[in-house]
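Chemist: I'd like to ask some things about the structure below.
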Amino acid sequence: MGGSETVKILKFYPEKCTGCLECEKTCSQVHFKTREGGDKSAIKIIKTGETTYEMHVCNQCGLCIDLCPVEALTRRKNGVVWLDRETCIGCQSCVGFCPRNVMMKSKARIEPFKCISCGSCVRACPTEALELVEVKISDVKEVVYYKQGAE
Amino acid sequence: MIEGQIPVEEYKTGNTRHKWDLEKVKRAHRVIAEYEYKKDKVWRGFANRTLYINLTKGEIKEKKVTEEMKKLFTGGRGFGLKLMWDSIKPSTRWNSEENELIITTGPLCGITQYPGTGKSIALSISPATDIICDCNVGGFFGPYLKFAGFDAIEIQGKAKHDVVIIVDGEKGKITVETAPLEETNSHVLSEQLTYMYASEDSDKSRQKVSVVSAGKGAENSYWGCLNFSFYDIRRKVCRLKQAGRGGLGTVFRDKKIKAIVAKVEHFDGLSNNPADPVKLAEVGIKLHREIRDLDRYQCNMRAVGTSHLVEIMDEYDLLPCENYRFGSFPKASKIYSSKFYELFTKIIPDGCWYGCTMACAKTVDGFEVMTGPYKGQKVTVDGPEYETVAAGANMSIWDPKWILEFNFYCDTYGLDTISTGTAIAFYMEMYEYGILNKERCDGLELSFGNYEAVLEFIHRIARGDKGEFITVASKGIRRVKDWLKKKGWGDPQLIEDCGMESKGLEYSEYVTKESLAMQGGYGLTLKGPQHDEAWLIFMDMVNNAIPTFEDKAEALHYFPMWRTWFGLNGLCKLPWNDIEPADNAETDEPAKVPEHVQNYVDLQNAVTGWNVTKEDLILQSERCYNWQRAMNVWLGRGRRKDDWIPYRSMGPVTEMEYYSRRERYDKQLVEKLGFSEKEVENMSVKEKMKLLYEYRQDQYQKLADAVYYRRGWTPNGVPTPQKMKQLGFTDKKMLDMLQKAIDEDEKKGLNVWGGKYSKGEKPPSIIPRYWEKW
């Protein structure tokens with residue numbers, strides 16, 4: 001493929017998060033041209049306690065690439081896993097098989113969507129709870145389970 | 001990445017490459033009929049028209065799908081039956097001018113959001129059975145046909161020369177063209193036509209073409225299957241799924257159809273214009289996740305497909321070995337799924353339609369062919385599935401490589417692996433008894449396990465060998481039984497008992513001796529002994545969940561209706577119960593998989609915009625099921641005598657079989673027939689076998705009694721006009737025909753129960769003509 005050996009992924013600093021959801025709102029602006037957030041955002045901030053939060057977002061593992069029946073999912077030169085909406089037929093295989101349930105599906109359209117490491121959320125976060133960090137693809141890469149039986 | 005798994009980007013099949021002058025091949029085509037149509041949207045799952053082609057007259061036209069047709073026949077197989085009812089006659093046989101070959105889709109066919117949603121249903125009058133045979137088949141053709149604009153394609157008449165039919169959904173044009181230069185065998189032909197008709201020279205274009213073909217074997221036997229292609233963009237080969245049963249490929253070639261090609265411009269998960277796409281995706285994602293999390297603990301469909309059944313069947317004494325004489329075999333572990341797992345090419349688990357994450361379709365790529373015209377070439381073998389592996393066991397072939405060779409040639413020649421394997425197993429048993437021998441088999445040494453002879457037999461069929469044995473044997477077990485009897489070779493009773501066919505169709509690959517309900521599942525069927533109507537062995541034999549005749553009859557009502565439903569909608573049955581929700585065992589009716597039934601209710605409502613309940617789904621099927629049975633009656637069959645099954649499927653035919661499971665049978669004589677252990681000890685095996693024979697035959701008749709009653713039929717198995725009216729049918733021709741059949745049966749004294757009821761036992765009803773009171 002001749003692409004990058006590294007990819008930028010989101011890192012979350014939960015102690016800095018205030019739950020303002022600016023990241024989600026910005027993300028849905030990127031994907032849906034709206035500031036609704038929620039099911040239109042590729043990043044999800046989940047409240048786990050009074051003041052504690054978790055982030056759910058794609059880590060660019062690329063397991064979904066092998067799963068797509070029309071090759072709508074590819075790893076781009078910058079290492080990011082990319083869904084081509086034109087090619088996608090909306091089968092939801094990638095959504096169902098994502099090991100972290102972070103291939104997102106909004107009610108607004110049939111094609112799923114995902115984090116593309118664009119950094120909008122990082123810039124939008126008022127408390128610097130998000131950062132894009134560079135990791136080796138080989139450290140995050142996962143492939144579809146194909147063993148006979150469970151291990 | 002696991003050991004042996006190959007990264008997609010580095011993958012090459014290693015198959016032999018072909019070089020054809022496709023320009024020249026195409027130039028040799030001559031258009032003999034063409035028809036332009038207005039492209040239109042599919043709406044709520046229906047294209048709302050069907051395509052009719054008459055090959056004799058060169059006529060092509062559209063037929064409208066009415067709301068009434070949807071209401072009564074739902075779609076898919078139901079539409080197929082309705083179209084045939086309007087077009088054929090009671091005297092129509094497989095090779096009659098007016099016989100039709102129909103490929104239908106169904107309202108849910110072609111959605112991508114839920115696994116198993118790309119099925120076509122093919123129907124025709126079968127050469128094996130003289131009644132309608134329906135086959136449920138994967139591949140891309142059905143959805144593409146619908147998205148090109150038609151809910152079904154209906155082909156009548158016969159062409160003078162070999163033709164291909166092109167359904168071009170891009171241009172909105174149908175053409176029938178002579179096709180003299182293409183290869184006939186499927187693995188080559190489907191590739192030639194895919195490349196020829198793809199709009200561009202790209203994988204994505206080739207993926208939008210699907211080809212239906214048969215092969216040289218289909219031409220020269222009654223076992224012809226239809227191969228439905230799906231282009232694999234990763235392997236870059238045309239893969240094949242089979243409409244296997246009942247000789248539909250034989251009809252196809254008799255009509256001189258070389259292939260049917262469908263192509264689409266564009267499609268996606270919304271091409272059906274579903275009423276509620278959000279719900280579709282939601283239900284789909286739920287099942288994808290279930291498969292992701294649970295398949296590895298359940299059936300391993302994603303790793304080995306249906307071949308996972310081999311070891312289970314062997315363990316439960318249900319794997320047909322040496323023509324169903326035994327249910328397990330010492331060598332069977334050589335063909336367990338783990339052996340095929342080693343051979344399967346591990347790129348990605350893949351399905352035969354987009355979005356099927358059940359992904360049971362397996363291949364062995366770069367397989368070097370060992371015999372016949374393609375010897376030395378490297379090819380992709382699709383499969384083997386359980387039935388094909390078990391057909392190997394039936395012929396006592398215990399080498400996976402030879403099962404692959406058998407699989408490859410059956411597919412490309414257009415031969416059904418089930419009928420071919422089951423029939424050869426019978427010939428082998430006859431060979432063992434000396435009823436057949438080398439001379440009588442045109443020089444073939446058809447002894448159990450002789451895989452070279454098996455392949456040679458298949459090659460001779462494909463070559464059109466005119467030897468007496470090859471000619472008769474390629475028409476299947478029923479014809480060979482009659483031939484052996486005519487020749488005076490062997491004991492006629494032994495021949496009848498051993499040959500595993502019913503209605504003229506060969507059995508599929510399960511041993512049913514110890515499950516009465518499953519004997520009914522094979523015998524009390526529409527098209528013949530095929531496990532797609534009911535698979536009740538575990539429920540009946542292992543879990544003893546349906547002990548009475550009434551219980552079994554209820555199961556033989558519900559499950560055939562439920563399974564029929566998949567064929568009405570263009571769906572695959574596997575994602576219903578080859579994956580189960582984690583808490584399924586705790587539900588009221590685990591065998592029905594209630595949560596998945598609800599999924600299907602949701603899916604049908606989400607696509608069509610109807611508002612159906614799970615009871616409505618059964619009602620949809622009941623209409624279709626009864627209509628098909630009624631058409632069997634119309635075609636001169638569909639009575640109790642036609643639901644006859646061979647004794648090999650009920651119990652031990654030979655002393656060797658009795659001895660092999662002696663403890664089991666002796667125990668039954670005590671527990672079920674009421675003999676004392678001492679009495680049993682003093683009986684000869686012959687006596688014991690006779691007692692068991694009479695008992696089991698009577699059990700089967702009593703089962704038929706209960707089932708006919710439950711289904712709303714006469715004691716002779718005829719659907720009653722009263723039942724048909726309850727189902728909403730008012731077709732006078734149909735109702736009158738049934739009444740006439742029942743009156744004729746009455747005159748012949750056939751409207752009586754078949755079981756022998758002793759004191760304390762009751763038939764399902766003691767009221768004469770009970771159905772008239774309904």
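In the structure tokens, the first chain shown is A, the next is B, and so on; residue numbers restart at 1 for each chain, and ligands run from 1 in the order shown.
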Dump as CSV the rows for residues of chain A within 8 Å of chain B: closest atom pair and distance in Å with one decimal, only C-alpha atoms counted, ordered by chain and rising residue number.

Modeler:
residue,atom,partner,partner_atom,distance
A:Asp66,CA,B:Ile348,CA,6.4
A:Leu67,CA,B:Ile348,CA,7.2
A:Pro69,CA,B:Tyr354,CA,5.8
A:Val70,CA,B:Ile233,CA,7.6
A:Cys88,CA,B:Asp268,CA,7.5
A:Ile89,CA,B:Asp268,CA,4.2
A:Gly90,CA,B:Gly269,CA,5.3
A:Cys91,CA,B:Gln113,CA,4.2
A:Gln92,CA,B:Gln113,CA,5.8
A:Ser93,CA,B:Gly355,CA,5.7
A:Val95,CA,B:Ile285,CA,6.6
A:Gly96,CA,B:His288,CA,4.7
A:Phe97,CA,B:Arg292,CA,5.8
A:Lys107,CA,B:Val278,CA,5.7
A:Ile110,CA,B:Gly269,CA,7.4
A:Glu142,CA,B:Met1,CA,7.5
A:Val143,CA,B:Met1,CA,6.1
A:Val144,CA,B:Ile348,CA,7.2
A:Tyr146,CA,B:Ala303,CA,5.6
A:Lys147,CA,B:Ala303,CA,6.0
A:Gln148,CA,B:Ala303,CA,5.3
A:Gly149,CA,B:Arg296,CA,4.9
A:Ala150,CA,B:Arg296,CA,5.3

Chemist: Go ahead and dump the residues you just picked, N, CA and C atoms, as a compact mmCIF listing (two decimals), in the first residue's frame.

Modeler:
# COMPACT_ATOMS: atom_id res chain seq x y z
N ASP A 66 -11.65 -5.40 6.47
CA ASP A 66 -11.80 -6.75 5.93
C ASP A 66 -13.25 -7.19 5.87
N LEU A 67 -14.07 -6.51 6.62
CA LEU A 67 -15.45 -6.94 6.73
C LEU A 67 -16.34 -6.38 5.62
N PRO A 69 -18.12 -5.70 2.33
CA PRO A 69 -18.28 -6.51 1.11
C PRO A 69 -18.05 -5.74 -0.18
N VAL A 70 -17.99 -4.42 -0.10
CA VAL A 70 -17.79 -3.64 -1.33
C VAL A 70 -16.50 -2.82 -1.29
N CYS A 88 -20.31 2.73 -0.20
CA CYS A 88 -21.03 2.03 0.88
C CYS A 88 -22.46 1.70 0.46
N ILE A 89 -22.89 0.46 0.79
CA ILE A 89 -24.27 0.07 0.49
C ILE A 89 -25.11 -0.06 1.75
N GLY A 90 -24.54 0.33 2.88
CA GLY A 90 -25.34 0.40 4.11
C GLY A 90 -25.68 -0.92 4.75
N CYS A 91 -24.79 -1.92 4.65
CA CYS A 91 -25.14 -3.23 5.20
C CYS A 91 -24.97 -3.31 6.71
N GLN A 92 -24.26 -2.40 7.29
CA GLN A 92 -24.06 -2.32 8.76
C GLN A 92 -23.17 -3.41 9.33
N SER A 93 -22.51 -4.19 8.46
CA SER A 93 -21.60 -5.23 8.97
C SER A 93 -20.52 -4.61 9.84
N VAL A 95 -20.61 -1.83 11.48
CA VAL A 95 -21.18 -1.33 12.73
C VAL A 95 -21.31 -2.48 13.72
N GLY A 96 -21.87 -3.58 13.24
CA GLY A 96 -22.11 -4.72 14.12
C GLY A 96 -20.84 -5.39 14.60
N PHE A 97 -19.82 -5.39 13.77
CA PHE A 97 -18.62 -6.14 14.11
C PHE A 97 -17.51 -5.28 14.74
N LYS A 107 -29.55 7.85 12.59
CA LYS A 107 -30.84 7.63 11.92
C LYS A 107 -30.96 8.46 10.65
N ILE A 110 -28.22 6.07 5.80
CA ILE A 110 -27.97 4.63 5.87
C ILE A 110 -26.49 4.30 6.06
N GLU A 142 -6.15 -4.57 14.12
CA GLU A 142 -6.85 -5.81 14.47
C GLU A 142 -7.48 -6.38 13.21
N VAL A 143 -7.65 -7.70 13.20
CA VAL A 143 -8.31 -8.32 12.04
C VAL A 143 -9.50 -9.15 12.50
N VAL A 144 -10.34 -9.44 11.53
CA VAL A 144 -11.57 -10.20 11.80
C VAL A 144 -11.23 -11.57 12.38
N TYR A 146 -11.23 -15.29 12.82
CA TYR A 146 -11.47 -16.34 11.83
C TYR A 146 -11.03 -17.70 12.33
N LYS A 147 -11.03 -17.87 13.63
CA LYS A 147 -10.65 -19.17 14.17
C LYS A 147 -11.86 -20.08 14.24
N GLN A 148 -11.59 -21.37 14.25
CA GLN A 148 -12.68 -22.31 14.51
C GLN A 148 -12.75 -22.51 16.01
N GLY A 149 -13.84 -22.13 16.62
CA GLY A 149 -13.99 -22.25 18.06
C GLY A 149 -13.50 -21.00 18.76
N ALA A 150 -13.76 -20.93 20.07
CA ALA A 150 -13.37 -19.76 20.84
C ALA A 150 -12.05 -20.02 21.55

Chemist: Could you pull out the residues in chain A that DSSP calls alpha helix (DSSP H) from the backbone, as a PDB file with C-alpha atoms, in the first residue's frame?

Modeler:
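Full text of out37.pdb as output:
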ATOM      1  CA  GLU A  22     -18.475  20.570  22.624  1.00  0.00           C
ATOM      2  CA  CYS A  23     -16.532  17.741  20.978  1.00  0.00           C
ATOM      3  CA  GLU A  24     -19.729  15.900  19.941  1.00  0.00           C
ATOM      4  CA  LYS A  25     -21.328  19.087  18.643  1.00  0.00           C
ATOM      5  CA  THR A  26     -18.269  19.924  16.576  1.00  0.00           C
ATOM      6  CA  CYS A  27     -18.020  16.370  15.284  1.00  0.00           C
ATOM      7  CA  SER A  28     -21.585  16.377  14.007  1.00  0.00           C
ATOM      8  CA  GLN A  29     -20.796  19.648  12.309  1.00  0.00           C
ATOM      9  CA  VAL A  30     -18.062  17.794  10.407  1.00  0.00           C
ATOM     10  CA  HIS A  31     -20.192  14.806   9.501  1.00  0.00           C
ATOM     11  CA  PHE A  32     -23.727  16.190   9.270  1.00  0.00           C
ATOM     12  CA  LEU A  63     -10.883  -4.571  11.529  1.00  0.00           C
ATOM     13  CA  CYS A  64     -13.839  -3.192   9.592  1.00  0.00           C
ATOM     14  CA  ILE A  65     -11.770  -2.986   6.392  1.00  0.00           C
ATOM     15  CA  ASP A  66     -11.798  -6.751   5.932  1.00  0.00           C
ATOM     16  CA  LEU A  67     -15.452  -6.942   6.726  1.00  0.00           C
ATOM     17  CA  SER A  93     -21.601  -5.227   8.971  1.00  0.00           C
ATOM     18  CA  CYS A  94     -18.882  -2.844  10.103  1.00  0.00           C
ATOM     19  CA  VAL A  95     -21.178  -1.334  12.728  1.00  0.00           C
ATOM     20  CA  GLY A  96     -22.114  -4.716  14.124  1.00  0.00           C
ATOM     21  CA  PHE A  97     -18.615  -6.138  14.108  1.00  0.00           C
ATOM     22  CA  SER A 120     -11.963  19.337  15.185  1.00  0.00           C
ATOM     23  CA  CYS A 121     -12.945  18.025  18.587  1.00  0.00           C
ATOM     24  CA  VAL A 122      -9.457  18.619  19.935  1.00  0.00           C
ATOM     25  CA  ARG A 123      -9.658  22.240  18.865  1.00  0.00           C
ATOM     26  CA  ALA A 124     -13.176  22.617  20.222  1.00  0.00           C
ATOM     27  CA  ILE A 137      -0.518   1.116  13.028  1.00  0.00           C
ATOM     28  CA  SER A 138       0.949  -2.265  13.894  1.00  0.00           C
ATOM     29  CA  ASP A 139       0.215  -1.516  17.561  1.00  0.00           C
ATOM     30  CA  VAL A 140      -3.476  -0.835  17.007  1.00  0.00           C
TER      31      VAL A 140
END

Chemist: Quick one: residues within 12 Å of stretch 681-683 of chain B, only C-alpha atoms counted, chain neighbours fewer than 4 positions away excluded, as a CSV table (one decimal) with C-alpha atoms, in the first residue's frame?

Modeler:
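Contents of the output file around.csv:
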chain,number,residue,atom,x,y,z
B,662,ARG,CA,-28.7,-54.5,18.0
B,663,GLU,CA,-29.0,-53.3,21.6
B,665,TYR,CA,-33.5,-52.3,18.4
B,666,ASP,CA,-33.8,-55.1,21.0
B,667,LYS,CA,-34.6,-52.5,23.6
B,669,LEU,CA,-39.0,-54.4,21.0
B,670,VAL,CA,-39.3,-54.5,24.7
B,675,PHE,CA,-42.3,-58.0,24.3
B,676,SER,CA,-40.4,-59.4,27.3
B,677,GLU,CA,-36.7,-59.5,27.3
B,687,GLU,CA,-38.4,-62.2,13.1
B,688,LYS,CA,-37.3,-59.1,15.1
B,689,MET,CA,-36.7,-57.2,11.9
B,690,LYS,CA,-40.2,-58.1,10.6
B,691,LEU,CA,-41.8,-57.0,13.9

Chemist: May I have the residues within 8 Å of stretch 194-200 of chain B as a ChimeraX atom specification, using only C-alpha atoms and disregarding those fewer than 6 positions away in the same chain?

Modeler: /B:22,26,206,208-211,238,263

Chemist: Calculate how many Å separate atom CA of B:Ser515 from atom CA of B:Thr422, rounding to one decimal.

Modeler: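 Atom CA of B:Ser515 sits 19.6 Å away from atom CA of B:Thr422.
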
Chemist: Which polymer residues have any atom within 9 Å of an atom of stretch 485-490 of chain B, counting only C-alpha atoms, with same-chain residues fewer than 5 positions away left out, as a VMD selection string?

Modeler: chain B and resid 430 433 to 436 480 495

Chemist: Could you save those same residues with N, CA and C atoms as an mmCIF file, in the first residue's frame?

Modeler:
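And here is the file that came out, part14.cif:
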data_model
loop_
_atom_site.group_PDB
_atom_site.id
_atom_site.type_symbol
_atom_site.label_atom_id
_atom_site.label_comp_id
_atom_site.auth_asym_id
_atom_site.auth_seq_id
_atom_site.Cartn_x
_atom_site.Cartn_y
_atom_site.Cartn_z
ATOM 1 N N MET B 430 -25.992 -51.612 -4.189
ATOM 2 C CA MET B 430 -26.441 -52.645 -5.121
ATOM 3 C C MET B 430 -25.237 -53.399 -5.701
ATOM 4 N N TYR B 433 -24.000 -55.948 -3.223
ATOM 5 C CA TYR B 433 -24.838 -57.152 -3.159
ATOM 6 C C TYR B 433 -24.794 -57.963 -4.452
ATOM 7 N N GLY B 434 -24.061 -57.477 -5.449
ATOM 8 C CA GLY B 434 -23.979 -58.194 -6.717
ATOM 9 C C GLY B 434 -25.180 -57.967 -7.627
ATOM 10 N N ILE B 435 -26.109 -57.119 -7.174
ATOM 11 C CA ILE B 435 -27.270 -56.800 -8.024
ATOM 12 C C ILE B 435 -26.777 -55.962 -9.209
ATOM 13 N N LEU B 436 -25.802 -55.117 -8.944
ATOM 14 C CA LEU B 436 -25.055 -54.466 -10.018
ATOM 15 C C LEU B 436 -23.637 -55.047 -10.003
ATOM 16 N N VAL B 480 -33.661 -46.213 -11.700
ATOM 17 C CA VAL B 480 -32.788 -47.390 -11.571
ATOM 18 C C VAL B 480 -33.541 -48.509 -10.855
ATOM 19 N N ILE B 495 -34.540 -53.746 -3.123
ATOM 20 C CA ILE B 495 -34.224 -52.586 -3.964
ATOM 21 C C ILE B 495 -35.076 -51.387 -3.562
#

Chemist: Work out how far atom CA of B:Pro127 is from atom CA of B:Trp94, in Å to one decimal.

Modeler: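 According to the coordinates, atom CA of B:Trp94 and atom CA of B:Pro127 are separated by 5.0 Å.
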
Chemist: Between A:Gly37, A:Thr87, A:Cys20, A:Val81, which has the minimum distance to A:Cys115 (counting only C-alpha atoms)?

Modeler: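 The shortest atom-to-atom distance to A:Cys115 comes from A:Val81.
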
Chemist: Please provide as a VMD selection string all residues within 8 Å of B:Pro763, with the sequence filter that same-chain residues fewer than 4 positions apart are discarded (counting only C-alpha atoms).

Modeler: chain B and resid 702 705 to 706 753 755 757

Chemist: Write a file of the just-selected residues containing C-alpha atoms, as a JSON list (two decimals), in the first residue's frame.

Modeler:
[["chain", "number", "residue", "atom", "x", "y", "z"],
["B", 702, "LYS", "CA", -50.33, -42.77, 11.99],
["B", 705, "ASP", "CA", -52.90, -39.24, 9.67],
["B", 706, "ALA", "CA", -52.15, -36.72, 12.39],
["B", 753, "TRP", "CA", -56.98, -43.19, 7.88],
["B", 755, "GLY", "CA", -52.81, -46.23, 10.63],
["B", 757, "TYR", "CA", -55.65, -48.23, 15.50]]

Chemist: If you count only C-alpha atoms, which residues fall within 6 Å of A:Lys8, apart from same-chain ones fewer than 5 positions away, as a compact mmCIF listing (two decimals) with C-alpha atoms, in the first residue's frame?

Modeler:
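selection_4.txt, written as the output of this step:
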# COMPACT_ATOMS: atom_id res chain seq x y z
CA LEU A 132 -4.37 13.62 18.78
CA VAL A 133 -1.44 11.32 19.34
CA GLU A 134 0.58 9.38 16.81

Chemist: Going by DSSP on the backbone, which residues of stretch 1-130 of chain A come out as strand (DSSP E or B)? List them as a list of chain:residue names.

Modeler: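 Residues of stretch 1-130 of chain A classed as strand (DSSP E or B): A:Thr6, A:Val7, A:Lys8, A:Ile9, A:Leu10, A:Lys11, A:Phe12, A:Lys44, A:Ile45, A:Ile46, A:Lys47, A:Tyr53, A:Glu54, A:Met55, A:His56, A:Leu73, A:Thr74, A:Arg75, A:Val81, A:Trp82, A:Leu83, A:Met104, A:Phe113, A:Leu130.
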
Chemist: Could you write those residues out with C-alpha atoms, as a PDB file, in the first residue's frame?

Modeler:
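File produced: out02.pdb:
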ATOM      1  CA  THR A   6       1.691   5.499  11.917  1.00  0.00           C
ATOM      2  CA  VAL A   7      -1.748   6.972  12.463  1.00  0.00           C
ATOM      3  CA  LYS A   8      -3.120   9.729  14.636  1.00  0.00           C
ATOM      4  CA  ILE A   9      -5.730   8.658  17.147  1.00  0.00           C
ATOM      5  CA  LEU A  10      -7.616  10.470  19.864  1.00  0.00           C
ATOM      6  CA  LYS A  11      -6.345  10.402  23.403  1.00  0.00           C
ATOM      7  CA  PHE A  12      -8.696  11.326  26.235  1.00  0.00           C
ATOM      8  CA  LYS A  44     -19.185   9.834  22.343  1.00  0.00           C
ATOM      9  CA  ILE A  45     -18.679  11.139  25.848  1.00  0.00           C
ATOM     10  CA  ILE A  46     -20.392   8.884  28.357  1.00  0.00           C
ATOM     11  CA  LYS A  47     -21.084  10.037  31.887  1.00  0.00           C
ATOM     12  CA  TYR A  53     -16.550  10.552  31.890  1.00  0.00           C
ATOM     13  CA  GLU A  54     -15.500   8.008  29.298  1.00  0.00           C
ATOM     14  CA  MET A  55     -14.753   8.555  25.653  1.00  0.00           C
ATOM     15  CA  HIS A  56     -15.848   6.141  22.945  1.00  0.00           C
ATOM     16  CA  LEU A  73     -13.509   0.956   3.858  1.00  0.00           C
ATOM     17  CA  THR A  74      -9.819   1.502   3.250  1.00  0.00           C
ATOM     18  CA  ARG A  75      -6.805   2.719   5.185  1.00  0.00           C
ATOM     19  CA  VAL A  81      -9.514   4.174   8.265  1.00  0.00           C
ATOM     20  CA  TRP A  82     -11.886   5.838   5.838  1.00  0.00           C
ATOM     21  CA  LEU A  83     -15.427   5.019   4.776  1.00  0.00           C
ATOM     22  CA  MET A 104     -21.421   4.912  14.295  1.00  0.00           C
ATOM     23  CA  PHE A 113     -19.586   7.056   9.823  1.00  0.00           C
ATOM     24  CA  LEU A 130      -8.569  15.652  24.006  1.00  0.00           C
TER      25      LEU A 130
END

Chemist: With distances taken over only C-alpha atoms, which residue among A:Arg35, A:Gly49, A:Leu21, A:Cys58 lies nearest A:Met103?

Modeler: A:Cys58

Chemist: Hey, which of B:Thr512, B:Ser396, B:Thr564, B:Asn273 ends up closest to B:Val607? Count only C-alpha atoms.

Modeler: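 Checking each candidate against B:Val607, we get B:Asn273 as the closest.
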
Chemist: Which is closer to B:Arg710 than all the others in B:Gln668, B:Ser765, B:Asn577, B:Thr730, using only C-alpha atoms?

Modeler: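 Using only C-alpha atoms, B:Arg710 sits closest to B:Ser765.
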